[in-house]
Amino acid sequence: MDDKAYDPKPVEERRLAAWEAAGLSRSTPVKDRRAYTIVIPPPNVTGALHIGHALNNTLQDAFVRHRRLSGDEACWVPGTDHGGIATQNVMEKQLKAEGLDRRAVGREAFLERMQAWTRDCKKTILGQLRRLGCTLDWEREAFTMDSARAEAVYRAFEELWKKGLIYRGERLVNWCVRCGTALSDIEVEREERKGGLWHIHYPLAGGGEGIVVATTRPETMFGDTAVAVNPKDARWAHLVGKKVLIPLIDREIPVIADAAVEFEFGTGGLKVTPAHDQNDWDIGRRHGLPAIKAIDPQGKLTEAAGPYAGLSREKGKDQVIADLDAKGFLRKKEDHKSAVQTCYRCGSVIEPLLSLQWFVDQVALAKPALDAYDRGDFKIHPPERGKPYRDWLVNIRDWCVSRQIWWGHRIPVWYKDGEKPVVARSSPGEGWTQDPDVLDTWFSSALWPLAVFGWPAKGADFDYYYPTSTLVTGYEILYLWVARMQMMGLAFDGRVPFRDAVIHGIVRDKSGKKMSKSLGNVVDPLAMMDKYGTDALRFALMAQAHPGKDIPFDEQTVVGARNFVNKIWNSARFVLMNLPKAPAEGGYRLSSLDRARLELADRWILSRFAGATELARRRLDAYEPAAAAEALYAFVWDEFCAWYIELAKGRLQGADGADREAVRAILVQVLVGSMKALHPILPFVTEEIFLALRPYAGEPAEFLLKAGYHEVAQDLRDPQAESEMARVMAAVTAIRSLRAQLGVPLSLKIAAVADGPFAPKILDEHRAYVGALAGLSAVAPFSSRPAQSATAVADGVTFYVPLAGVIDLDKERERLRKELARAEADIAKCSAKLKNLAAAAGAPPEKIAEAKAQAEAAASRKDQLERTLRWLE
RNA sequence: GCCCAGUUGGCGCAGUGGUAGCGCGUUCCCUUGACAUGGGAAAGGUCAUAGGUUCAAAUCCUAUACUGGGCACCA
């Protein structure tokens with residue numbers, strides 16, 4: 001503890017090594033102790049962790065440490081997610097860089113490479129979590145694709161199959177042409193893009209003017225199986241039931257009437273392409289229309305496109321438009337903005353495609369989740385994030401779970417000609433082939449809380465830790481993950497998998513933009529830790545982690561947090577410096593203090609300490625880390641360091657041995673108690689200080705986490721001491737302010753005269769405080785009107801500082817007049833409030849008393865100022 | 001179109017009924033032995049707008065404007 005400035009690196013290394021060696025974060029079931037369980041949102045094995053992970057995991061670690069310090073048996077389960085498409089894409093990019101692609105490599109070899117990559121990646125990620133100080137139970141590490149989790153996935157699939165909740169069918173799905181796979185509805189993002197709206201004439205079969213339809217996708221016209229108009233649309237009524245021809249290929253299709261068609265849009269005529277549009281699909285089903293595929297899974301036009309077959313959808317579109325124009329079918333082109341759907345993993349435009357896929361029936365699963373939420377068995381923090389969650393469950397649609405990729409849990413279904421498909425772990429026999437697809441990565445994620453505790457087996461750990469307590473995650477995966485875990489948990493275990501979901505925001509750059517590699521505004525958490533220390537990064541994130549809100553990340557905030565850590569460090573150095581070499585037997589205890597002999601400052605700091613630590617605990621209980629951080633920051637810096645330590649300095653040098661010991665005891669205990677309270681946010685520096693003070697504090701525990709929170713006696717709360725100290729502080733500030741304005745430095749000791757109703761108290765009891773903190777050499781009682789003095793007026797006390805020849809009387813008068821104006825404004829406000837309260841029928845008496853005191857204080861200040869001004873006239 | 005959130009000093013944010021707070025920044029002063037990653041002092045806000053409820057509104061209600069987000073639709 002010799003370093004003048006806190007050096008995080010060696011401390012972090014020491015602490016991490018000690019925690020590791022002691023297995024500090026290990027948890028096993030303890031009878032009669034309450035379990036507090038968190039399962040990590042498993043990061044995808046796509047690379048290193050980013051600042052959002054740092055936020056997410058610091059939050060969890062803070063909650064876990066908080067509950068450990070509160071006496072719970074806390075267990076935080078680490079793990080990683082195989083990450084499906086996202087991870088496969090990473091590997092495909094690597095292959096491409098080597099001039100390969102996955103088909104050339106082959107499924108087996110590709111998966112081997114994926115395994116190797118995953119091993120490396122896990123190491124990186126878990127190492128980073130360690131570095132962040134996460135007290136994860138490392139022995140419980142899980143991976144969504146390890147054997148235990150694979151068993152859970154298999155069993156879940158099998159159960160859903162048995163219940164008829166999983167089925168295979170040909171539906172219109174979101175198809176990513178680049179990734180070559182189907183996606184679920186929530187894996188699709190929407191983006192406004194400028195495009196065109198083409199008006200195309202479909203001539204009447206047999207000749208004559210037919211109908212003009214408006215479309216944004218002329219290239220899908222070869223999949224048209226009808227043209228639809230609104231049944232009430234008089235413009236086109238004469239055509240309903242007739243046939244028209246698809247231009248360029250002259251295929252006959254009927255004109256039908258359907259209420260889904262809007263009058264106003266385009267021409268009122270709609271080309272119906274059931275195989276490539278959800279609405280058209282619905283219309284097609286209503287009218288028994290066939291679905292003709294015009295685009296294949298590679299994004300190329302099919303045979304149905306006749307001469308255009310084989311062209312990409314983009315080229316095909318250009319060509320079709322050119323030809324339509326050339327042949328006079330194109331009547332008009334408008335600019336048109338529309339929301340295109342894009343793949344959440346690669347950003348390419350989604351193609352709605354008719355294909356054979358596996359689906360999970362969501363309506364049946366959503367009902368229990370909805371009920372659990374409505375009953376309050378499951379809560380979302382903050383609550384306003386709950387509404388969209390609920391809405392999503394209400395409007396839920398079936399979940400397409402099959403993916404045409406290789407990286408994932410292979411669908412455990414086997415086929416054989418002439419046989420019904422069979423669900424099995426391995427081949428049922430000769431001639432059976434397994435479904436080539438894998439499950440959506442979110443399928444295994446949905447089982448995560450169940451699976452990490454061994455489900456479908458239900459051992460002692462499952463009994464003890466499950467259901468889990470809190471889930472901490474970002475709002476962007478509320479549906480993708482949180483809702484599905486609720487549904488699966490309820491479906492397989494009958495209980496919610498976690499009672500609370502803490503939803504945090506996204507870490508953005510300092511101007512509020514989302515961080516992205518392409519914008520070049522990403523912040524690397526490791527770089528922040530290297531530069532400022534892990535505690536500083538953690539504090540910076542926690543101090544801004546208001547429930548549900550995004551965090552604009554400014555490096556300046558980390559600097560501020562680093563400064564705070566350094567402040568704490570130096571306050572501890574100060575305390576240690578003022579302790580004897582050898583600690584007394586049993587250390588300093590608050591309980592051994594003679595309360596009756598404590599000074600005002602002692603009673604004040606103990607009261608504030610009790611208040612601040614209690615407040616911080618309550619706020620962490622309520623998942624409000626930012627509020628907890630703020631309360632402790634203010635207490636430690638602005639109260640403990642700025643006032644109490646300053647006051648302690650004189651007393652530590654004083655002659656009174658008993659007083660010195662009392663001050664030491666309070667310094668030690670308040671500091672150690674504060675370290676405990678801050679430990680969930682600042683695990684490293686707080687433990688380092690805790691260990692240094694441990695012998696003086698009579699703490700037997702070798703780790704702060706094992707010591708538990710200080711049981712702060714609430715009878716330390718002392719409102720009277722708090723308000724009296726506030727008056728002393730106001731008096732000190734008044735003198736300091738006066739000195740600053742007169743340019744008299746604090747180091748220059750001056751004498752002062754005190755007057756007013758609070759003056760006797762200052763003179764009798766607080767003379768030393770005011771002297772030390774305001775740089776007064778002597779404070780004398782008021783006897784007669786002082787000459788050539790500057791005046792400092794505070795609540796109940798006026799100080800006259802004789803400064804013959806130094807002060808400018810005109811300036812002094814001007815200054816006092818300004819203060820007088822302020823006092824008068826205060827009086828106006830106070831009396832208005834007092835009048836209001838008096839007029840009110842049910843005004844609370846303590847409010848009235850408070851207002852009265854405020855009014856009197858202001859009035860007294862005004863009197864003092866007026867008197868002083870008269871003397872100066 | 002529906003829903004939600006936000007709008008508070010130069011910037012970023014707290015603050016759910018009783019005289020507006022914090023961090024950063026700004027100005028002036030201080031290198032006094034815990035800390036210049038510090039200390040002291042100061043300037044700076046009609047709490048988006050318009051109504052309403054109340055003795056009392058940044059806080060509750062209703063509209064409006066702007067910003068962000070979600071959902072649905074978008075041929």
# chains A, B, ... in the order shown; residues from 1 in each chain; ligands from 1
$ interface_residues --of "chain A" --to "chain B" --cutoff "8 Å" --atoms "only C-alpha atoms (C1' of nucleotides)" --output "PyMOL selection string"
chain A and resi 4-5+213-216+265-266+269-271+338-339+384+387-388+544+552+556-557+559-560+562-564+566-567+570-575+736-737+740-741+743+745-747+826+829-830+833+835-841+847
$ select_by_dssp --residues "region 211-259 of chain A" --states "helix (DSSP H, G or I)" --output "PDB file with N, CA and C atoms, in the first residue's frame"
ATOM      1  N   PRO A 218     -40.842  -7.149 -59.950  1.00  0.00           N
ATOM      2  CA  PRO A 218     -41.263  -7.703 -61.247  1.00  0.00           C
ATOM      3  C   PRO A 218     -40.674  -9.091 -61.502  1.00  0.00           C
ATOM      4  N   GLU A 219     -39.488  -9.361 -60.930  1.00  0.00           N
ATOM      5  CA  GLU A 219     -38.832 -10.643 -61.215  1.00  0.00           C
ATOM      6  C   GLU A 219     -39.576 -11.851 -60.670  1.00  0.00           C
ATOM      7  N   THR A 220     -40.529 -11.608 -59.767  1.00  0.00           N
ATOM      8  CA  THR A 220     -41.292 -12.755 -59.242  1.00  0.00           C
ATOM      9  C   THR A 220     -42.528 -13.062 -60.079  1.00  0.00           C
ATOM     10  N   MET A 221     -42.733 -12.292 -61.164  1.00  0.00           N
ATOM     11  CA  MET A 221     -43.979 -12.446 -61.936  1.00  0.00           C
ATOM     12  C   MET A 221     -44.147 -13.846 -62.518  1.00  0.00           C
ATOM     13  N   PHE A 222     -43.028 -14.551 -62.683  1.00  0.00           N
ATOM     14  CA  PHE A 222     -43.130 -15.897 -63.250  1.00  0.00           C
ATOM     15  C   PHE A 222     -43.701 -16.883 -62.246  1.00  0.00           C
ATOM     16  N   GLY A 223     -43.811 -16.441 -61.001  1.00  0.00           N
ATOM     17  CA  GLY A 223     -44.432 -17.276 -59.981  1.00  0.00           C
ATOM     18  C   GLY A 223     -45.877 -16.864 -59.729  1.00  0.00           C
ATOM     19  N   ALA A 237     -64.008  -4.600 -61.568  1.00  0.00           N
ATOM     20  CA  ALA A 237     -65.022  -5.635 -61.327  1.00  0.00           C
ATOM     21  C   ALA A 237     -65.305  -6.466 -62.579  1.00  0.00           C
ATOM     22  N   HIS A 238     -65.262  -5.806 -63.738  1.00  0.00           N
ATOM     23  CA  HIS A 238     -65.597  -6.515 -64.980  1.00  0.00           C
ATOM     24  C   HIS A 238     -64.599  -7.618 -65.326  1.00  0.00           C
ATOM     25  N   LEU A 239     -63.417  -7.586 -64.698  1.00  0.00           N
ATOM     26  CA  LEU A 239     -62.395  -8.570 -65.051  1.00  0.00           C
ATOM     27  C   LEU A 239     -62.397  -9.799 -64.153  1.00  0.00           C
TER      28      LEU A 239
END
$ residues_around --residues "region 63-79 of chain A" --least-positions-apart "4" --cutoff "8 Å" --atoms "only C-alpha atoms (C1' of nucleotides)" --output "PDB file with C-alpha atoms, in the first residue's frame"
ATOM      1  CA  SER A  25     -16.339 -18.653  -6.729  1.00  0.00           C
ATOM      2  CA  ARG A  26     -17.157 -22.324  -6.335  1.00  0.00           C
ATOM      3  CA  SER A  27     -20.620 -23.125  -5.109  1.00  0.00           C
ATOM      4  CA  THR A  28     -22.074 -26.335  -3.780  1.00  0.00           C
ATOM      5  CA  PRO A  29     -25.485 -26.805  -2.222  1.00  0.00           C
ATOM      6  CA  VAL A  30     -25.555 -25.777   1.430  1.00  0.00           C
ATOM      7  CA  ARG A  33     -28.837 -21.526   3.034  1.00  0.00           C
ATOM      8  CA  ARG A  34     -30.781 -19.792   0.331  1.00  0.00           C
ATOM      9  CA  ALA A  35     -29.550 -20.403  -3.186  1.00  0.00           C
ATOM     10  CA  TYR A  36     -29.061 -17.463  -5.488  1.00  0.00           C
ATOM     11  CA  THR A  37     -28.486 -18.622  -9.038  1.00  0.00           C
ATOM     12  CA  ILE A  38     -27.562 -16.916 -12.249  1.00  0.00           C
ATOM     13  CA  VAL A  39     -26.765 -18.607 -15.514  1.00  0.00           C
ATOM     14  CA  ILE A  40     -24.595 -16.574 -17.825  1.00  0.00           C
ATOM     15  CA  PRO A  41     -26.031 -15.543 -21.172  1.00  0.00           C
ATOM     16  CA  PRO A  42     -23.516 -17.693 -23.008  1.00  0.00           C
ATOM     17  CA  PRO A  43     -21.443 -15.611 -25.394  1.00  0.00           C
ATOM     18  CA  LEU A  59     -23.792  -6.573 -13.751  1.00  0.00           C
ATOM     19  CA  THR A 135     -16.918 -15.008  -9.791  1.00  0.00           C
ATOM     20  CA  LEU A 136     -18.209 -17.707 -12.071  1.00  0.00           C
ATOM     21  CA  ASP A 137     -18.231 -21.266 -10.812  1.00  0.00           C
ATOM     22  CA  TRP A 138     -15.636 -22.445 -13.298  1.00  0.00           C
ATOM     23  CA  ARG A 140     -19.675 -25.808 -13.974  1.00  0.00           C
ATOM     24  CA  GLU A 141     -18.614 -24.544 -17.364  1.00  0.00           C
ATOM     25  CA  ALA A 142     -21.054 -25.599 -20.028  1.00  0.00           C
ATOM     26  CA  PHE A 143     -21.268 -25.315 -23.781  1.00  0.00           C
ATOM     27  CA  THR A 144     -24.504 -25.466 -25.731  1.00  0.00           C
ATOM     28  CA  VAL A 452     -26.719 -26.421 -17.169  1.00  0.00           C
ATOM     29  CA  TYR A 465     -30.246 -24.298  -7.808  1.00  0.00           C
ATOM     30  CA  ARG A 617     -27.764  -2.647  -0.468  1.00  0.00           C
ATOM     31  CA  LEU A 620     -28.639  -3.623  -5.471  1.00  0.00           C
ATOM     32  CA  TYR A 623     -31.318  -4.254  -9.473  1.00  0.00           C
ATOM     33  CA  LYS A 676     -17.543  -4.261   1.595  1.00  0.00           C
ATOM     34  CA  HIS A 679     -16.987  -4.697  -3.369  1.00  0.00           C
ATOM     35  CA  PRO A 680     -19.694  -5.861  -5.780  1.00  0.00           C
ATOM     36  CA  LEU A 705     -16.390 -12.039  -0.028  1.00  0.00           C
ATOM     37  CA  LYS A 706     -16.261 -14.479   2.845  1.00  0.00           C
ATOM     38  CA  ALA A 707     -16.447 -11.742   5.433  1.00  0.00           C
ATOM     39  CA  GLY A 708     -19.936 -10.725   4.386  1.00  0.00           C
ATOM     40  CA  TYR A 709     -21.464  -7.306   4.664  1.00  0.00           C
TER      41      TYR A 709
END
$ residues_around --residues "Arg589 (chain A)" --least-positions-apart "4" --cutoff "10 Å" --atoms "only C-alpha atoms (C1' of nucleotides)" --output "list of chain:residue names"
A:Leu593, A:Ala662, A:Arg664, A:Ala665, A:Ile666, A:Val668, A:Gln669, A:Tyr696, A:Ala697, A:Gly698, A:Glu699
$ write_last_selection --atoms "N, CA, C and O atoms" --output "PDB file, in the first residue's frame"
ATOM      1  N   LEU A 593     -16.865   1.110  21.169  1.00  0.00           N
ATOM      2  CA  LEU A 593     -16.829   2.567  21.340  1.00  0.00           C
ATOM      3  C   LEU A 593     -17.780   3.003  22.439  1.00  0.00           C
ATOM      4  O   LEU A 593     -18.869   2.435  22.580  1.00  0.00           O
ATOM      5  N   ALA A 662     -10.588   6.379  19.399  1.00  0.00           N
ATOM      6  CA  ALA A 662     -11.961   6.396  18.892  1.00  0.00           C
ATOM      7  C   ALA A 662     -11.966   6.766  17.413  1.00  0.00           C
ATOM      8  O   ALA A 662     -12.650   6.137  16.598  1.00  0.00           O
ATOM      9  N   ARG A 664      -9.526   6.390  15.305  1.00  0.00           N
ATOM     10  CA  ARG A 664      -8.954   5.262  14.559  1.00  0.00           C
ATOM     11  C   ARG A 664      -9.992   4.167  14.334  1.00  0.00           C
ATOM     12  O   ARG A 664     -10.113   3.621  13.229  1.00  0.00           O
ATOM     13  N   ALA A 665     -10.717   3.859  15.390  1.00  0.00           N
ATOM     14  CA  ALA A 665     -11.729   2.801  15.275  1.00  0.00           C
ATOM     15  C   ALA A 665     -12.765   3.164  14.216  1.00  0.00           C
ATOM     16  O   ALA A 665     -13.156   2.329  13.384  1.00  0.00           O
ATOM     17  N   ILE A 666     -13.164   4.414  14.228  1.00  0.00           N
ATOM     18  CA  ILE A 666     -14.188   4.827  13.269  1.00  0.00           C
ATOM     19  C   ILE A 666     -13.624   4.828  11.849  1.00  0.00           C
ATOM     20  O   ILE A 666     -14.260   4.338  10.911  1.00  0.00           O
ATOM     21  N   VAL A 668     -11.223   3.010  10.665  1.00  0.00           N
ATOM     22  CA  VAL A 668     -11.043   1.631  10.220  1.00  0.00           C
ATOM     23  C   VAL A 668     -12.379   0.988   9.877  1.00  0.00           C
ATOM     24  O   VAL A 668     -12.555   0.391   8.809  1.00  0.00           O
ATOM     25  N   GLN A 669     -13.323   1.131  10.762  1.00  0.00           N
ATOM     26  CA  GLN A 669     -14.590   0.445  10.549  1.00  0.00           C
ATOM     27  C   GLN A 669     -15.400   1.037   9.405  1.00  0.00           C
ATOM     28  O   GLN A 669     -16.003   0.310   8.620  1.00  0.00           O
ATOM     29  N   TYR A 696      -6.616  -4.826  11.782  1.00  0.00           N
ATOM     30  CA  TYR A 696      -7.089  -3.690  12.588  1.00  0.00           C
ATOM     31  C   TYR A 696      -8.599  -3.714  12.772  1.00  0.00           C
ATOM     32  O   TYR A 696      -9.137  -3.095  13.663  1.00  0.00           O
ATOM     33  N   ALA A 697      -9.248  -4.410  11.849  1.00  0.00           N
ATOM     34  CA  ALA A 697     -10.711  -4.427  11.906  1.00  0.00           C
ATOM     35  C   ALA A 697     -11.221  -5.663  12.620  1.00  0.00           C
ATOM     36  O   ALA A 697     -12.435  -5.832  12.791  1.00  0.00           O
ATOM     37  N   GLY A 698     -10.304  -6.530  13.017  1.00  0.00           N
ATOM     38  CA  GLY A 698     -10.728  -7.749  13.694  1.00  0.00           C
ATOM     39  C   GLY A 698     -11.512  -8.663  12.773  1.00  0.00           C
ATOM     40  O   GLY A 698     -12.464  -9.316  13.182  1.00  0.00           O
ATOM     41  N   GLU A 699     -11.089  -8.688  11.496  1.00  0.00           N
ATOM     42  CA  GLU A 699     -11.794  -9.517  10.512  1.00  0.00           C
ATOM     43  C   GLU A 699     -11.036 -10.828  10.340  1.00  0.00           C
ATOM     44  O   GLU A 699      -9.899 -10.836   9.893  1.00  0.00           O
TER      45      GLU A 699
END
$ select_by_dssp --residues "region 16-249 of chain A" --states "strand (DSSP E)" --output "PyMOL selection string"
chain A and resi 35-39+73-77+79-80+142-143+166-176+181-183+188-202+211-215+226-229+243-246
$ write_last_selection --atoms "C-alpha atoms" --output "CSV table (one decimal), in the first residue's frame"
chain,number,residue,atom,x,y,z
A,35,ALA,CA,-29.5,-20.4,-3.2
A,36,TYR,CA,-29.1,-17.5,-5.5
A,37,THR,CA,-28.5,-18.6,-9.0
A,38,ILE,CA,-27.6,-16.9,-12.2
A,39,VAL,CA,-26.8,-18.6,-15.5
A,73,GLU,CA,-25.2,-19.4,-1.5
A,74,ALA,CA,-24.6,-17.8,-4.9
A,75,CYS,CA,-23.9,-19.8,-7.9
A,76,TRP,CA,-23.1,-18.2,-11.3
A,77,VAL,CA,-22.7,-20.7,-14.1
A,79,GLY,CA,-20.6,-21.1,-20.5
A,80,THR,CA,-20.6,-20.4,-24.1
A,142,ALA,CA,-21.1,-25.6,-20.0
A,143,PHE,CA,-21.3,-25.3,-23.8
A,166,ILE,CA,-43.0,-30.1,-33.4
A,167,TYR,CA,-43.8,-30.8,-37.0
A,168,ARG,CA,-42.4,-30.7,-40.5
A,169,GLY,CA,-44.2,-28.9,-43.3
A,170,GLU,CA,-43.8,-26.8,-46.4
A,171,ARG,CA,-44.3,-23.2,-45.5
A,172,LEU,CA,-43.2,-19.9,-46.7
A,173,VAL,CA,-40.1,-19.1,-44.7
A,174,ASN,CA,-37.5,-16.4,-44.5
A,175,TRP,CA,-34.6,-17.6,-46.6
A,176,CYS,CA,-31.2,-16.0,-46.4
A,181,THR,CA,-30.7,-21.3,-44.7
A,182,ALA,CA,-34.1,-20.6,-43.4
A,183,LEU,CA,-34.5,-18.1,-40.5
A,188,VAL,CA,-35.1,-11.0,-39.7
A,189,GLU,CA,-34.5,-7.3,-39.5
A,190,ARG,CA,-36.2,-4.6,-41.5
A,191,GLU,CA,-34.6,-1.7,-43.2
A,192,GLU,CA,-36.2,1.2,-45.1
A,193,ARG,CA,-34.7,1.3,-48.6
A,194,LYS,CA,-35.4,3.2,-51.7
A,195,GLY,CA,-36.7,1.2,-54.6
A,196,GLY,CA,-39.2,1.3,-57.4
A,197,LEU,CA,-42.8,0.5,-58.0
A,198,TRP,CA,-43.4,-0.8,-61.5
A,199,HIS,CA,-46.8,-0.7,-63.1
A,200,ILE,CA,-47.2,-3.7,-65.5
A,201,HIS,CA,-49.9,-4.4,-67.9
A,202,TYR,CA,-51.3,-8.0,-67.8
A,211,ILE,CA,-55.3,-5.1,-65.9
A,212,VAL,CA,-52.4,-3.1,-64.7
A,213,VAL,CA,-50.7,-4.2,-61.5
A,214,ALA,CA,-48.1,-2.4,-59.4
A,215,THR,CA,-45.2,-4.4,-58.0
A,226,ALA,CA,-53.4,-15.0,-60.1
A,227,VAL,CA,-54.1,-11.3,-60.2
A,228,ALA,CA,-56.3,-10.0,-57.4
A,229,VAL,CA,-58.5,-7.0,-57.0
A,243,LYS,CA,-58.1,-14.8,-67.4
A,244,VAL,CA,-55.1,-12.6,-68.0
A,245,LEU,CA,-51.6,-13.4,-69.4
A,246,ILE,CA,-48.3,-13.1,-67.6
$ closest_residue --among "A:Ala22, A:Met485, A:Asp282, A:Glu624" --to "Ala545 (chain A)" --atoms "only C-alpha atoms"
A:Glu624
$ atom_distance --atom1 "CA of His276 (chain A)" --atom2 "CA of Pro352 (chain A)"
5.0 Å
$ residues_around --residues "His409 (chain A)" --least-positions-apart "6" --cutoff "8 Å" --atoms "only C-alpha atoms (C1' of nucleotides)" --output "list of chain:residue names"
A:Met145, A:Ala150, A:Val153, A:Val438, A:Leu439, A:Thr441
$ residues_around --residues "region 64-69 of chain B" --least-positions-apart "4" --cutoff "10 Å" --atoms "only C-alpha atoms (C1' of nucleotides)" --output "PyMOL selection string"
chain B and resi 4-7+48-50
$ residues_around --residues "region 358-375 of chain A" --least-positions-apart "6" --cutoff "7 Å" --atoms "only C-alpha atoms (C1' of nucleotides)" --output "PyMOL selection string"
chain A and resi 165-169+390+393+396-402+486-487+490-491
$ closest_residue --among "A:Ser783, A:Leu667, A:Leu160, A:Val423" --to "Ala601 (chain A)" --atoms "only C-alpha atoms"
A:Leu667
$ closest_residue --among "A:Val779, A:Ala787, A:Ala768, A:Ile405" --to "Gly180 (chain A)" --atoms "only C-alpha atoms"
A:Ile405
$ closest_residue --among "A:Leu590, A:Ala294, A:Leu478, A:Val90" --to "Gly548 (chain A)" --atoms "only C-alpha atoms"
A:Leu478
$ decode --residues "region 12-57 of chain B" --atoms "C-alpha atoms (C1' of nucleotides)" --output "compact mmCIF listing (two decimals), in the first residue's frame"
# COMPACT_ATOMS: atom_id res chain seq x y z
C1' G B 12 -23.73 13.05 -20.69
C1' C B 13 -27.27 11.72 -17.06
C1' A B 14 -29.97 11.20 -11.85
C1' G B 15 -34.24 12.87 -9.66
C1' U B 16 -42.34 10.29 -9.22
C1' G B 17 -45.75 16.08 -5.25
C1' G B 18 -42.98 20.13 -0.91
C1' U B 19 -36.90 26.07 -2.00
C1' A B 20 -33.55 21.64 -8.90
C1' G B 21 -28.78 17.29 -8.17
C1' C B 22 -24.36 14.40 -10.08
C1' G B 23 -20.19 13.52 -13.45
C1' C B 24 -17.36 15.84 -17.29
C1' G B 25 -16.34 20.65 -19.06
C1' U B 26 -15.75 26.20 -17.89
C1' U B 27 -13.64 30.48 -14.60
C1' C B 28 -10.65 32.01 -10.30
C1' C B 29 -7.45 30.48 -6.33
C1' C B 30 -4.21 26.72 -3.80
C1' U B 31 1.81 22.33 -5.25
C1' U B 32 -0.72 22.95 3.26
C1' G B 33 2.95 15.50 4.33
C1' A B 34 -3.55 10.35 1.87
C1' C B 35 -4.50 11.67 -3.07
C1' A B 36 -2.84 17.51 -8.64
C1' U B 37 -5.91 10.64 -10.71
C1' G B 38 -5.86 16.31 -5.51
C1' G B 39 -8.06 20.64 -2.63
C1' G B 40 -11.08 25.36 -2.13
C1' A B 41 -14.52 28.71 -4.42
C1' A B 42 -17.67 30.29 -8.39
C1' A B 43 -20.53 30.82 -12.84
C1' G B 44 -24.28 28.18 -15.43
C1' G B 45 -31.11 25.49 -15.64
C1' U B 46 -38.53 29.80 -16.57
C1' C B 47 -36.89 20.95 -15.81
C1' A B 48 -39.73 20.67 -24.68
C1' U B 49 -44.65 23.47 -25.45
C1' A B 50 -49.92 24.38 -24.14
C1' G B 51 -53.69 23.32 -20.93
C1' G B 52 -55.48 20.73 -16.45
C1' U B 53 -55.52 18.32 -11.26
C1' U B 54 -53.47 20.10 -6.34
C1' C B 55 -52.63 24.39 -0.84
C1' A B 56 -48.10 22.91 -3.67
C1' A B 57 -46.03 19.91 -10.19
